Amino acid sequence: MKCFLTVAKKPLLSKWLLVMKLTALLTLLFTLNVSANGFGQEKISLRVKKTAIDGVLRSIEKQTNYRFLYNDNLDDIREKVSLNVKDADIGDVLALLLEKTRLLYQVMGNNLIVIKEDPN
């Protein structure tokens, strides 16, 4: 009866195939780990009192990889807010930050977030 588990009769070829399999496995594991870290949610902790929204956005930029794009001439961007969050997702923080304004946010690629005024 033949055994199908043997790779090759030559020891050099079998070592080479083993190295290839291990390399493929390690590459796959590394890629999955990088992907999980890249798409993971960054947690934000903030405590601000009567600070302009643009100042809060700069604070978020300092502690995360997110970058914000907005027009400095928007009236609501200078509105003063108080916010106290701990280990919150970016979506939750922005929802709280912009809830009493006419501003909306849109998450783009490369951790870019666009802040714009609601056209309605």
# chains A, B, ... in the order shown; residues from 1 in each chain; ligands from 1
>>> select_by_dssp(residues="stretch 16-119 of chain A", states="alpha helix (DSSP H)", output="count of residues only")
43
>>> closest_residue(among="A:Val56, A:Ile77, A:Leu97, A:Leu104", to="A:Glu117", atoms="only C-alpha atoms")
A:Leu104
>>> residues_around(residues="A:Glu99", least_positions_apart="5", cutoff="12 Å", atoms="only C-alpha atoms", output="list in words")
Ile53, Asp76, Glu79, Val81, Ser82, Leu83, Gly91, Asp92, Val93, Leu94, Leu104, Tyr105 and Asp118 of chain A
>>> write_last_selection(atoms="C-alpha atoms", output="JSON list (two decimals), in the first residue's frame")
[["chain", "number", "residue", "atom", "x", "y", "z"],
["A", 53, "ILE", "CA", -15.08, 71.95, 18.04],
["A", 76, "ASP", "CA", -20.63, 75.69, 13.95],
["A", 79, "GLU", "CA", -19.06, 76.46, 18.74],
["A", 81, "VAL", "CA", -18.65, 72.20, 23.61],
["A", 82, "SER", "CA", -17.97, 70.14, 26.71],
["A", 83, "LEU", "CA", -17.27, 66.46, 26.28],
["A", 91, "GLY", "CA", -18.10, 57.39, 15.50],
["A", 92, "ASP", "CA", -19.50, 57.72, 19.02],
["A", 93, "VAL", "CA", -17.23, 60.67, 19.83],
["A", 94, "LEU", "CA", -18.12, 62.52, 16.64],
["A", 104, "LEU", "CA", -22.04, 66.11, 9.52],
["A", 105, "TYR", "CA", -19.04, 63.85, 9.19],
["A", 118, "ASP", "CA", -25.76, 69.80, 6.51]]
>>> closest_residue(among="A:Glu42, A:Asn71, A:Leu12, A:Val85", to="A:Asp54", atoms="only C-alpha atoms")
A:Asn71
>>> select_by_dssp(residues="stretch 1-108 of chain A", states="strand (DSSP E or B)", output="PyMOL selection string")
chain A and resi 44-52+67-69+80-88+103-107
>>> residues_around(residues="A:Val114", least_positions_apart="6", cutoff="8 Å", atoms="only C-alpha atoms", output="PyMOL selection string")
chain A and resi 68-70+105-108
>>> write_last_selection(atoms="N, CA, C and O atoms", output="PDB file, in the first residue's frame")
ATOM      1  N   PHE A  68      -8.646  65.252  10.050  1.00  0.00           N
ATOM      2  CA  PHE A  68      -9.915  65.900   9.753  1.00  0.00           C
ATOM      3  C   PHE A  68      -9.723  66.970   8.692  1.00  0.00           C
ATOM      4  O   PHE A  68      -8.730  67.686   8.686  1.00  0.00           O
ATOM      5  N   LEU A  69     -10.710  67.045   7.819  1.00  0.00           N
ATOM      6  CA  LEU A  69     -10.736  68.051   6.774  1.00  0.00           C
ATOM      7  C   LEU A  69     -12.036  68.831   6.939  1.00  0.00           C
ATOM      8  O   LEU A  69     -13.117  68.250   6.915  1.00  0.00           O
ATOM      9  N   TYR A  70     -11.908  70.144   7.152  1.00  0.00           N
ATOM     10  CA  TYR A  70     -13.092  70.986   7.330  1.00  0.00           C
ATOM     11  C   TYR A  70     -12.756  72.413   6.948  1.00  0.00           C
ATOM     12  O   TYR A  70     -11.592  72.798   6.864  1.00  0.00           O
ATOM     13  N   TYR A 105     -20.370  64.375   9.481  1.00  0.00           N
ATOM     14  CA  TYR A 105     -19.042  63.845   9.187  1.00  0.00           C
ATOM     15  C   TYR A 105     -19.167  62.668   8.236  1.00  0.00           C
ATOM     16  O   TYR A 105     -20.168  61.976   8.207  1.00  0.00           O
ATOM     17  N   GLN A 106     -18.109  62.477   7.459  1.00  0.00           N
ATOM     18  CA  GLN A 106     -18.045  61.360   6.527  1.00  0.00           C
ATOM     19  C   GLN A 106     -16.641  60.775   6.598  1.00  0.00           C
ATOM     20  O   GLN A 106     -15.653  61.493   6.427  1.00  0.00           O
ATOM     21  N   VAL A 107     -16.568  59.490   6.869  1.00  0.00           N
ATOM     22  CA  VAL A 107     -15.280  58.805   6.966  1.00  0.00           C
ATOM     23  C   VAL A 107     -14.846  58.388   5.566  1.00  0.00           C
ATOM     24  O   VAL A 107     -15.569  57.704   4.860  1.00  0.00           O
ATOM     25  N   MET A 108     -13.664  58.833   5.181  1.00  0.00           N
ATOM     26  CA  MET A 108     -13.095  58.513   3.875  1.00  0.00           C
ATOM     27  C   MET A 108     -11.976  57.491   4.081  1.00  0.00           C
ATOM     28  O   MET A 108     -11.736  57.040   5.183  1.00  0.00           O
TER      29      MET A 108
END
>>> closest_residue(among="A:Lys10, A:Lys86, A:Lys62, A:Lys80", to="A:Ile44", atoms="only C-alpha atoms")
A:Lys86
>>> atom_distance(atom1="atom CA of A:Leu18", atom2="atom CA of A:Phe30")
18.2 Å
>>> atom_distance(atom1="atom CA of A:Asn65", atom2="atom CA of A:Leu112")
8.8 Å
>>> decode(residues="stretch 10-22 of chain A", atoms="all heavy atoms", output="mmCIF file, in the first residue's frame")
data_model
loop_
_atom_site.group_PDB
_atom_site.id
_atom_site.type_symbol
_atom_site.label_atom_id
_atom_site.label_comp_id
_atom_site.auth_asym_id
_atom_site.auth_seq_id
_atom_site.Cartn_x
_atom_site.Cartn_y
_atom_site.Cartn_z
ATOM 1 N N LYS A 10 13.800 12.560 -2.009
ATOM 2 C CA LYS A 10 15.064 13.276 -1.864
ATOM 3 C C LYS A 10 14.988 14.195 -0.645
ATOM 4 O O LYS A 10 14.068 14.999 -0.533
ATOM 5 C CB LYS A 10 15.356 14.082 -3.119
ATOM 6 C CG LYS A 10 15.477 13.213 -4.360
ATOM 7 C CD LYS A 10 15.706 14.064 -5.571
ATOM 8 C CE LYS A 10 15.745 13.206 -6.818
ATOM 9 N NZ LYS A 10 15.904 13.995 -8.023
ATOM 10 N N PRO A 11 15.949 14.124 0.272
ATOM 11 C CA PRO A 11 15.897 14.946 1.482
ATOM 12 C C PRO A 11 16.005 16.442 1.191
ATOM 13 O O PRO A 11 15.373 17.244 1.868
ATOM 14 C CB PRO A 11 17.066 14.460 2.318
ATOM 15 C CG PRO A 11 17.914 13.615 1.445
ATOM 16 C CD PRO A 11 17.089 13.223 0.264
ATOM 17 N N LEU A 12 16.759 16.839 0.194
ATOM 18 C CA LEU A 12 16.890 18.251 -0.120
ATOM 19 C C LEU A 12 15.563 18.830 -0.616
ATOM 20 O O LEU A 12 15.155 19.919 -0.227
ATOM 21 C CB LEU A 12 17.988 18.459 -1.165
ATOM 22 C CG LEU A 12 18.323 19.903 -1.516
ATOM 23 C CD1 LEU A 12 18.791 20.646 -0.277
ATOM 24 C CD2 LEU A 12 19.370 19.962 -2.600
ATOM 25 N N LEU A 13 14.882 18.077 -1.465
ATOM 26 C CA LEU A 13 13.590 18.521 -1.983
ATOM 27 C C LEU A 13 12.557 18.593 -0.866
ATOM 28 O O LEU A 13 11.760 19.539 -0.799
ATOM 29 C CB LEU A 13 13.115 17.591 -3.097
ATOM 30 C CG LEU A 13 11.801 17.973 -3.776
ATOM 31 C CD1 LEU A 13 11.902 19.352 -4.410
ATOM 32 C CD2 LEU A 13 11.419 16.940 -4.805
ATOM 33 N N SER A 14 12.568 17.635 0.043
ATOM 34 C CA SER A 14 11.575 17.651 1.119
ATOM 35 C C SER A 14 11.834 18.815 2.068
ATOM 36 O O SER A 14 10.903 19.439 2.572
ATOM 37 C CB SER A 14 11.553 16.311 1.840
ATOM 38 O OG SER A 14 12.364 16.277 2.946
ATOM 39 N N LYS A 15 13.092 19.157 2.332
ATOM 40 C CA LYS A 15 13.403 20.320 3.173
ATOM 41 C C LYS A 15 12.955 21.604 2.491
ATOM 42 O O LYS A 15 12.414 22.511 3.117
ATOM 43 C CB LYS A 15 14.903 20.376 3.475
ATOM 44 C CG LYS A 15 15.357 19.382 4.497
ATOM 45 C CD LYS A 15 16.834 19.552 4.779
ATOM 46 C CE LYS A 15 17.300 18.484 5.763
ATOM 47 N NZ LYS A 15 18.738 18.611 6.038
ATOM 48 N N TRP A 16 13.181 21.666 1.183
ATOM 49 C CA TRP A 16 12.788 22.858 0.438
ATOM 50 C C TRP A 16 11.274 23.041 0.463
ATOM 51 O O TRP A 16 10.774 24.151 0.650
ATOM 52 C CB TRP A 16 13.302 22.717 -0.994
ATOM 53 C CG TRP A 16 13.099 23.948 -1.823
ATOM 54 C CD1 TRP A 16 13.785 25.116 -1.739
ATOM 55 C CD2 TRP A 16 12.133 24.122 -2.849
ATOM 56 N NE1 TRP A 16 13.323 26.015 -2.650
ATOM 57 C CE2 TRP A 16 12.277 25.425 -3.358
ATOM 58 C CE3 TRP A 16 11.152 23.307 -3.399
ATOM 59 C CZ2 TRP A 16 11.500 25.926 -4.368
ATOM 60 C CZ3 TRP A 16 10.379 23.829 -4.418
ATOM 61 C CH2 TRP A 16 10.555 25.110 -4.884
ATOM 62 N N LEU A 17 10.522 21.971 0.294
ATOM 63 C CA LEU A 17 9.062 22.052 0.348
ATOM 64 C C LEU A 17 8.579 22.424 1.740
ATOM 65 O O LEU A 17 7.622 23.190 1.897
ATOM 66 C CB LEU A 17 8.438 20.730 -0.104
ATOM 67 C CG LEU A 17 8.549 20.421 -1.588
ATOM 68 C CD1 LEU A 17 8.029 19.017 -1.877
ATOM 69 C CD2 LEU A 17 7.796 21.444 -2.399
ATOM 70 N N LEU A 18 9.230 21.928 2.778
ATOM 71 C CA LEU A 18 8.874 22.283 4.147
ATOM 72 C C LEU A 18 9.109 23.766 4.404
ATOM 73 O O LEU A 18 8.268 24.452 5.003
ATOM 74 C CB LEU A 18 9.677 21.428 5.138
ATOM 75 C CG LEU A 18 9.395 21.682 6.613
ATOM 76 C CD1 LEU A 18 7.945 21.334 6.937
ATOM 77 C CD2 LEU A 18 10.342 20.897 7.483
ATOM 78 N N VAL A 19 10.224 24.282 3.922
ATOM 79 C CA VAL A 19 10.511 25.716 4.069
ATOM 80 C C VAL A 19 9.472 26.543 3.324
ATOM 81 O O VAL A 19 8.998 27.574 3.816
ATOM 82 C CB VAL A 19 11.948 26.024 3.570
ATOM 83 C CG1 VAL A 19 12.174 27.523 3.442
ATOM 84 C CG2 VAL A 19 12.970 25.408 4.507
ATOM 85 N N MET A 20 9.080 26.128 2.148
ATOM 86 C CA MET A 20 8.048 26.838 1.382
ATOM 87 C C MET A 20 6.722 26.862 2.129
ATOM 88 O O MET A 20 6.044 27.888 2.198
ATOM 89 C CB MET A 20 7.861 26.203 0.002
ATOM 90 C CG MET A 20 8.901 26.616 -1.000
ATOM 91 S SD MET A 20 8.659 25.920 -2.648
ATOM 92 C CE MET A 20 6.923 25.968 -2.902
ATOM 93 N N LYS A 21 6.331 25.728 2.686
ATOM 94 C CA LYS A 21 5.063 25.655 3.423
ATOM 95 C C LYS A 21 5.100 26.554 4.646
ATOM 96 O O LYS A 21 4.144 27.287 4.928
ATOM 97 C CB LYS A 21 4.774 24.214 3.835
ATOM 98 C CG LYS A 21 4.390 23.316 2.701
ATOM 99 C CD LYS A 21 4.175 21.901 3.198
ATOM 100 C CE LYS A 21 3.915 20.930 2.075
ATOM 101 N NZ LYS A 21 3.754 19.558 2.550
ATOM 102 N N LEU A 22 6.194 26.529 5.389
ATOM 103 C CA LEU A 22 6.313 27.384 6.567
ATOM 104 C C LEU A 22 6.318 28.864 6.189
ATOM 105 O O LEU A 22 5.702 29.686 6.870
ATOM 106 C CB LEU A 22 7.574 27.029 7.355
ATOM 107 C CG LEU A 22 7.528 25.722 8.128
ATOM 108 C CD1 LEU A 22 8.884 25.417 8.734
ATOM 109 C CD2 LEU A 22 6.445 25.755 9.194
#
